[in-house]
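Listing of coords-v6.csv; format and content: CSV, C-alpha atoms.
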chain,number,residue,atom,x,y,z
A,1,GLY,CA,-7.2,-86.1,-37.4
A,2,ALA,CA,-10.9,-86.5,-36.7
A,3,VAL,CA,-11.0,-90.2,-36.3
A,4,VAL,CA,-14.2,-92.0,-35.3
A,5,SER,CA,-14.0,-95.5,-34.1
A,6,GLN,CA,-16.9,-97.8,-34.1
A,7,HIS,CA,-17.1,-101.1,-32.3
A,8,PRO,CA,-17.8,-103.9,-32.9
A,9,SER,CA,-17.4,-104.0,-36.7
A,10,ARG,CA,-19.6,-107.1,-36.9
A,11,VAL,CA,-21.9,-108.8,-34.6
A,12,ILE,CA,-24.1,-111.9,-35.0
A,13,CYS,CA,-26.6,-112.7,-32.3
A,14,LYS,CA,-29.8,-114.6,-31.6
A,15,SER,CA,-33.2,-113.0,-32.0
A,16,GLY,CA,-34.4,-111.4,-28.8
A,17,THR,CA,-31.0,-110.3,-27.5
A,18,SER,CA,-29.9,-106.7,-27.1
A,19,VAL,CA,-26.9,-105.4,-28.9
A,20,LYS,CA,-24.8,-102.4,-28.0
A,21,ILE,CA,-22.7,-100.5,-30.6
A,22,GLU,CA,-20.1,-97.9,-29.5
A,23,CYS,CA,-19.0,-94.9,-31.4
A,24,ARG,CA,-16.0,-93.0,-30.1
A,25,SER,CA,-14.2,-89.9,-31.3
A,26,LEU,CA,-10.6,-90.6,-30.8
A,27,ASP,CA,-8.8,-87.3,-31.3
A,28,PHE,CA,-11.5,-84.7,-30.9
A,29,GLN,CA,-14.5,-83.9,-28.8
A,30,ALA,CA,-17.8,-84.6,-30.5
A,31,THR,CA,-20.7,-82.4,-29.4
A,32,THR,CA,-23.0,-84.1,-31.9
A,33,MET,CA,-23.1,-87.7,-33.1
A,34,PHE,CA,-25.4,-89.2,-35.7
A,35,TRP,CA,-26.6,-92.7,-36.2
A,36,TYR,CA,-27.4,-94.1,-39.6
A,37,ARG,CA,-28.7,-97.3,-40.9
A,38,GLN,CA,-28.0,-98.7,-44.4
A,39,PHE,CA,-29.8,-101.5,-46.2
A,40,PRO,CA,-28.1,-103.3,-49.1
A,41,LYS,CA,-28.0,-101.1,-52.2
A,42,GLN,CA,-29.8,-98.3,-50.4
A,43,SER,CA,-28.7,-95.0,-49.0
A,44,LEU,CA,-27.7,-94.2,-45.5
A,45,MET,CA,-30.8,-93.3,-43.5
A,46,LEU,CA,-30.4,-91.0,-40.6
A,47,MET,CA,-31.9,-92.6,-37.5
A,48,ALA,CA,-31.2,-90.1,-34.8
A,49,THR,CA,-29.0,-87.2,-33.7
A,50,SER,CA,-27.5,-87.1,-30.3
A,51,ASN,CA,-26.0,-84.2,-28.5
A,52,GLU,CA,-23.7,-84.7,-25.5
A,53,GLY,CA,-25.7,-84.6,-22.3
A,54,SER,CA,-29.1,-84.4,-23.8
A,55,LYS,CA,-31.7,-86.8,-25.2
A,56,ALA,CA,-31.3,-88.0,-28.7
A,57,THR,CA,-33.6,-86.7,-31.4
A,58,TYR,CA,-35.1,-89.5,-33.5
A,59,GLU,CA,-36.2,-89.3,-37.1
A,60,GLN,CA,-39.7,-90.0,-38.0
A,61,GLY,CA,-40.5,-93.7,-38.1
A,62,VAL,CA,-37.6,-94.7,-35.8
A,63,GLU,CA,-38.6,-96.4,-32.6
A,64,LYS,CA,-37.1,-94.7,-29.6
A,65,ASP,CA,-37.6,-97.7,-27.3
A,66,LYS,CA,-36.1,-100.0,-29.9
A,67,PHE,CA,-33.0,-98.0,-30.6
A,68,LEU,CA,-31.6,-96.6,-27.4
A,69,ILE,CA,-29.0,-93.9,-27.8
A,70,ASN,CA,-26.8,-92.6,-25.1
A,71,HIS,CA,-24.3,-89.8,-25.5
A,72,ALA,CA,-22.9,-89.5,-22.0
A,73,SER,CA,-19.5,-87.9,-22.9
A,74,LEU,CA,-17.9,-85.8,-25.5
A,75,THR,CA,-16.1,-88.8,-27.0
A,76,LEU,CA,-18.7,-91.7,-26.7
A,77,SER,CA,-22.1,-92.4,-28.0
A,78,THR,CA,-23.8,-95.8,-27.9
A,79,LEU,CA,-26.6,-97.3,-29.8
A,80,THR,CA,-28.4,-100.3,-28.2
A,81,VAL,CA,-30.7,-102.3,-30.4
A,82,THR,CA,-33.1,-103.8,-27.8
A,83,SER,CA,-34.7,-107.2,-28.3
A,84,ALA,CA,-33.3,-107.4,-31.8
A,85,HIS,CA,-35.1,-109.4,-34.5
A,86,PRO,CA,-34.0,-110.4,-38.0
A,87,GLU,CA,-35.6,-107.3,-39.5
A,88,ASP,CA,-33.1,-105.2,-37.5
A,89,SER,CA,-30.2,-106.8,-39.4
A,90,SER,CA,-28.5,-104.0,-41.2
A,91,PHE,CA,-25.4,-101.9,-41.4
A,92,TYR,CA,-25.2,-99.2,-38.7
A,93,ILE,CA,-22.9,-96.2,-39.1
A,94,CYS,CA,-22.1,-93.4,-36.7
A,95,SER,CA,-20.7,-90.0,-37.5
A,96,ALA,CA,-19.6,-87.2,-35.3
A,97,ARG,CA,-19.2,-83.5,-35.5
A,98,GLY,CA,-16.6,-81.8,-33.3
A,99,VAL,CA,-16.7,-78.8,-31.0
A,100,ARG,CA,-14.7,-76.9,-33.6
A,101,ASP,CA,-16.9,-78.0,-36.5
A,102,LYS,CA,-19.1,-74.9,-36.6
A,103,PRO,CA,-21.5,-73.9,-38.0
A,104,PRO,CA,-23.6,-77.1,-38.0
A,105,ASN,CA,-23.3,-77.6,-41.7
A,106,GLN,CA,-19.7,-78.7,-41.5
A,107,PRO,CA,-18.8,-82.2,-42.7
A,108,GLN,CA,-19.3,-85.1,-40.4
A,109,HIS,CA,-16.6,-87.6,-39.6
A,110,PHE,CA,-17.7,-91.2,-40.1
A,111,GLY,CA,-17.0,-94.5,-38.3
A,112,ASP,CA,-16.4,-97.8,-40.2
A,113,GLY,CA,-19.8,-99.1,-39.5
A,114,THR,CA,-21.2,-102.2,-37.7
A,115,ARG,CA,-22.7,-105.1,-39.6
A,116,LEU,CA,-25.5,-106.5,-37.4
A,117,SER,CA,-26.9,-109.9,-38.2
A,118,ILE,CA,-29.8,-111.3,-36.2
A,119,LEU,CA,-30.5,-115.0,-36.5
B,1,ALA,CA,-38.7,-84.4,-46.8
B,2,GLN,CA,-36.1,-83.9,-49.4
B,3,SER,CA,-34.6,-86.7,-51.4
B,4,VAL,CA,-31.3,-87.3,-53.2
B,5,SER,CA,-31.0,-89.3,-56.3
B,6,GLN,CA,-27.9,-90.8,-57.8
B,7,HIS,CA,-28.6,-92.1,-61.3
B,8,ASN,CA,-26.2,-94.9,-61.6
B,9,HIS,CA,-25.8,-97.8,-59.2
B,10,HIS,CA,-22.7,-99.2,-60.8
B,11,VAL,CA,-20.3,-97.6,-63.2
B,12,ILE,CA,-17.4,-99.6,-64.8
B,13,LEU,CA,-14.6,-97.8,-66.5
B,14,SER,CA,-11.1,-98.4,-67.7
B,15,GLU,CA,-8.2,-96.4,-66.3
B,16,ALA,CA,-7.8,-93.0,-67.9
B,17,ALA,CA,-11.5,-92.8,-68.8
B,18,SER,CA,-13.4,-89.7,-67.7
B,19,LEU,CA,-16.0,-90.0,-65.0
B,20,GLU,CA,-19.2,-88.2,-64.3
B,21,LEU,CA,-21.6,-89.3,-61.6
B,22,GLY,CA,-25.0,-87.7,-61.4
B,23,CYS,CA,-26.7,-86.4,-58.3
B,24,ASN,CA,-30.0,-84.6,-58.1
B,25,TYR,CA,-31.8,-83.4,-55.0
B,26,SER,CA,-35.4,-82.3,-54.4
B,27,TYR,CA,-35.1,-79.5,-51.8
B,28,GLY,CA,-36.0,-76.1,-53.2
B,29,GLY,CA,-34.3,-73.9,-50.6
B,30,THR,CA,-30.6,-73.2,-49.9
B,31,VAL,CA,-28.5,-76.3,-49.6
B,32,ASN,CA,-25.1,-77.5,-48.7
B,33,LEU,CA,-23.8,-80.3,-50.9
B,34,PHE,CA,-21.3,-83.0,-50.3
B,35,TRP,CA,-19.7,-85.9,-52.1
B,36,TYR,CA,-18.3,-88.7,-49.9
B,37,VAL,CA,-16.3,-91.7,-50.9
B,38,GLN,CA,-16.0,-95.1,-49.3
B,39,TYR,CA,-13.1,-97.2,-50.3
B,40,PRO,CA,-13.4,-101.0,-49.8
B,41,GLY,CA,-13.3,-101.8,-46.1
B,42,GLN,CA,-13.0,-98.2,-45.0
B,43,HIS,CA,-15.2,-95.4,-43.6
B,44,LEU,CA,-16.9,-92.7,-45.5
B,45,GLN,CA,-14.5,-89.8,-46.4
B,46,LEU,CA,-15.2,-86.4,-47.6
B,47,LEU,CA,-14.3,-85.7,-51.2
B,48,LEU,CA,-15.6,-82.2,-51.6
B,49,LYS,CA,-18.3,-79.8,-50.4
B,50,TYR,CA,-20.2,-76.9,-51.7
B,51,PHE,CA,-21.6,-74.2,-49.4
B,52,SER,CA,-21.6,-71.0,-51.5
B,53,GLY,CA,-19.7,-69.1,-54.1
B,54,ASP,CA,-18.1,-70.6,-57.2
B,55,PRO,CA,-20.4,-73.5,-58.2
B,56,LEU,CA,-17.4,-75.4,-59.5
B,57,VAL,CA,-15.7,-76.9,-56.5
B,58,LYS,CA,-12.5,-78.9,-56.4
B,59,GLY,CA,-11.8,-81.7,-54.0
B,60,ILE,CA,-9.2,-84.2,-53.2
B,61,LYS,CA,-7.6,-86.6,-55.6
B,62,GLY,CA,-8.5,-84.6,-58.7
B,63,PHE,CA,-12.2,-84.7,-58.3
B,64,GLU,CA,-14.5,-81.8,-58.9
B,65,ALA,CA,-18.2,-81.2,-58.8
B,66,GLU,CA,-20.5,-78.5,-60.3
B,67,PHE,CA,-23.5,-77.2,-58.6
B,68,ILE,CA,-26.2,-76.2,-61.1
B,69,LYS,CA,-29.0,-74.7,-59.1
B,70,SER,CA,-31.5,-74.6,-61.9
B,71,LYS,CA,-31.2,-78.3,-62.4
B,72,PHE,CA,-30.9,-79.2,-58.7
B,73,SER,CA,-27.8,-81.1,-59.5
B,74,PHE,CA,-24.3,-81.6,-58.1
B,75,ASN,CA,-22.5,-83.9,-60.5
B,76,LEU,CA,-19.1,-85.3,-59.6
B,77,ARG,CA,-16.4,-85.4,-62.3
B,78,LYS,CA,-12.9,-86.6,-62.8
B,79,PRO,CA,-11.1,-86.3,-66.2
B,80,SER,CA,-9.0,-89.4,-65.8
B,81,VAL,CA,-9.8,-92.2,-63.4
B,82,GLN,CA,-7.3,-94.5,-61.8
B,83,TRP,CA,-7.6,-98.0,-60.5
B,84,SER,CA,-7.4,-96.6,-57.0
B,85,ASP,CA,-10.6,-94.7,-57.5
B,86,THR,CA,-12.5,-97.9,-57.2
B,87,ALA,CA,-15.0,-97.2,-54.4
B,88,GLU,CA,-18.5,-96.3,-53.6
B,89,TYR,CA,-19.5,-92.7,-54.0
B,90,PHE,CA,-22.3,-91.0,-52.1
B,91,CYS,CA,-23.9,-87.6,-52.7
B,92,ALA,CA,-25.3,-85.9,-49.7
B,93,VAL,CA,-27.4,-82.8,-49.1
B,94,SER,CA,-28.0,-80.7,-46.1
B,95,GLU,CA,-30.5,-77.9,-45.7
B,96,ASP,CA,-28.8,-74.7,-45.0
B,97,GLY,CA,-30.9,-73.8,-41.9
B,98,GLY,CA,-34.2,-74.8,-40.3
B,99,THR,CA,-34.9,-77.8,-38.2
B,100,SER,CA,-32.8,-80.1,-40.5
B,101,TYR,CA,-29.8,-77.8,-40.4
B,102,GLY,CA,-26.7,-80.0,-40.4
B,103,LYS,CA,-28.5,-83.2,-41.1
B,104,LEU,CA,-27.4,-85.1,-44.2
B,105,THR,CA,-29.7,-86.8,-46.7
B,106,PHE,CA,-27.8,-89.3,-48.8
B,107,GLY,CA,-28.2,-90.7,-52.2
B,108,GLN,CA,-28.2,-94.4,-52.9
B,109,GLY,CA,-24.6,-94.5,-53.7
B,110,THR,CA,-22.7,-95.3,-56.9
B,111,ILE,CA,-20.2,-98.1,-57.1
B,112,LEU,CA,-17.3,-97.2,-59.3
B,113,THR,CA,-15.1,-100.0,-60.6
B,114,VAL,CA,-12.0,-99.1,-62.5
B,115,HIS,CA,-10.2,-101.7,-64.5
B,116,PRO,CA,-6.5,-101.4,-65.0
As structure tokens:
Amino acid sequence: GAVVSQHPSRVICKSGTSVKIECRSLDFQATTMFWYRQFPKQSLMLMATSNEGSKATYEQGVEKDKFLINHASLTLSTLTVTSAHPEDSSFYICSARGVRDKPPNQPQHFGDGTRLSIL
Amino acid sequence: AQSVSQHNHHVILSEAASLELGCNYSYGGTVNLFWYVQYPGQHLQLLLKYFSGDPLVKGIKGFEAEFIKSKFSFNLRKPSVQWSDTAEYFCAVSEDGGTSYGKLTFGQGTILTVHP
């Protein structure tokens, strides 16, 4: 149980395009989803936290207009990298916490990640 | 902001060797502690967690970790590793309350390679 599906697994696109990454909870309802970014040989850095039906909360230093997050349903959150540039190339990972995962310190369930390469 | 440090980037062992991966964190308040594992081509999976109580926690696949509050450490151990333990291991810490409650701060990860 508690499977999180992330799509696409890899995307390569030209500089200036926008890229959308989907994160779905397949067998549970996710009240909270998290988006992380990982650079090579570095840790996962939390970018933002999204709660279903409300605006995402971004971590310090993360551009809200650059990384648009939508959490429109209890099973889907999307991250859109707008006008992507080579410096946005990275590994993006989502995680989710279910309705039953209370209190908030319960472990998160992770997706497989998306490798984004901007040429 | 708190930080999490994993001392070794890459550990190479032979099967049956004992394993200890270090993890230290900087937050001075009450914390929740986690070890996650990422097998090649797979997503992060929870190995074990510590919230309170016995500082020695046991997880899946024979792993255990010890929380030493005075040292701000949560080291991962396994007495005898197997080839199938080859993976990347991440230590993560969450503040137990406050505005960052439920948010994870990760260490840099340690790649474990086990030779048969």
Practice problem: Quote the spacing between CA of Ser3 (chain B) and CA of Val37 (chain B) in Å to one decimal place. | Solution: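 Going from CA of Ser3 (chain B) over to CA of Val37 (chain B) covers 19.0 Å.
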Exercise. Specify as a list in words all residues of chain A found within 8 Å of chain B, counting all atoms listed in the file.
Key: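 Here they are: Lys41, Gln42, Ser43, Leu44, Met45, Leu46, Pro104, Asn105, Gln106, Pro107, His109, Phe110, Gly111, Asp112 and Gly113 of chain A.
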Quiz item: Using all atoms listed in the file, which residues sit within 9 Å of Pro8 (chain A) once same-chain residues fewer than 4 positions away are excluded, as a ChimeraX atom specification?
Solution: /A:20-22,113-115
Exercise. Using all atoms listed in the file, find the one residue out of A:Gln108, A:Thr57, A:Ser90, A:Ser73 that sits nearest to Ser9 (chain A).
Key: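 Among A:Gln108, A:Thr57, A:Ser90, A:Ser73, it is A:Ser90 that comes nearest to Ser9 (chain A).
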Quiz item: So how far away is CA of Ala48 (chain A) from CA of Leu76 (chain A), in Å?
Solution: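 Separation between CA of Leu76 (chain A) and CA of Ala48 (chain A): 15.0 Å.
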Practice problem: Using only C-alpha atoms, find the one residue out of B:Glu88, B:Phe67, B:Gln2, B:Pro40 that sits nearest to Gly53 (chain B). | Solution: B:Phe67
Practice problem: Have a look at CA of Lys58 (chain B) and CA of Ser73 (chain B) and let me know their distance in Å, one decimal. | Solution: 15.8 Å
Exercise. Select all residues near (-33.1, -75.3, -54.8) (cut-off 6 Å, inclusive, file coordinates), counting only C-alpha atoms, and output them as a list in words.
Key: Tyr27, Gly28, Gly29, Thr30, Lys69 and Phe72 of chain B
Self-check item: Test item: residues at most 12 Å from Glu15 (chain B), all atoms listed in the file, excluding those fewer than 5 positions along its chain, as a PyMOL selection string
Solution: chain B and resi 78-86+112-116
Selected residues written out, C-alpha atoms, as an mmCIF file, in the frame of the given file:
data_model
loop_
_atom_site.group_PDB
_atom_site.id
_atom_site.type_symbol
_atom_site.label_atom_id
_atom_site.label_comp_id
_atom_site.auth_asym_id
_atom_site.auth_seq_id
_atom_site.Cartn_x
_atom_site.Cartn_y
_atom_site.Cartn_z
ATOM 1 C CA LYS B 78 -12.900 -86.600 -62.800
ATOM 2 C CA PRO B 79 -11.100 -86.300 -66.200
ATOM 3 C CA SER B 80 -9.000 -89.400 -65.800
ATOM 4 C CA VAL B 81 -9.800 -92.200 -63.400
ATOM 5 C CA GLN B 82 -7.300 -94.500 -61.800
ATOM 6 C CA TRP B 83 -7.600 -98.000 -60.500
ATOM 7 C CA SER B 84 -7.400 -96.600 -57.000
ATOM 8 C CA ASP B 85 -10.600 -94.700 -57.500
ATOM 9 C CA THR B 86 -12.500 -97.900 -57.200
ATOM 10 C CA LEU B 112 -17.300 -97.200 -59.300
ATOM 11 C CA THR B 113 -15.100 -100.000 -60.600
ATOM 12 C CA VAL B 114 -12.000 -99.100 -62.500
ATOM 13 C CA HIS B 115 -10.200 -101.700 -64.500
ATOM 14 C CA PRO B 116 -6.500 -101.400 -65.000
#
Quiz item: If we count only C-alpha atoms, what is near Leu116 (chain A) at a cut-off of 10 Å, once residues fewer than 6 positions away on the same chain are taken out, given as a count of residues only?
Solution: 16
Please, what is the axis-aligned box for every listed atom of region 50-67 of chain A with 3 Å on each side, as centre and edge lengths in Å to one decimal, as lines of an AutoDock Vina configuration file?
center_x = -32.1
center_y = -92.1
center_z = -30.2
size_x = 22.8
size_y = 21.8
size_z = 21.8
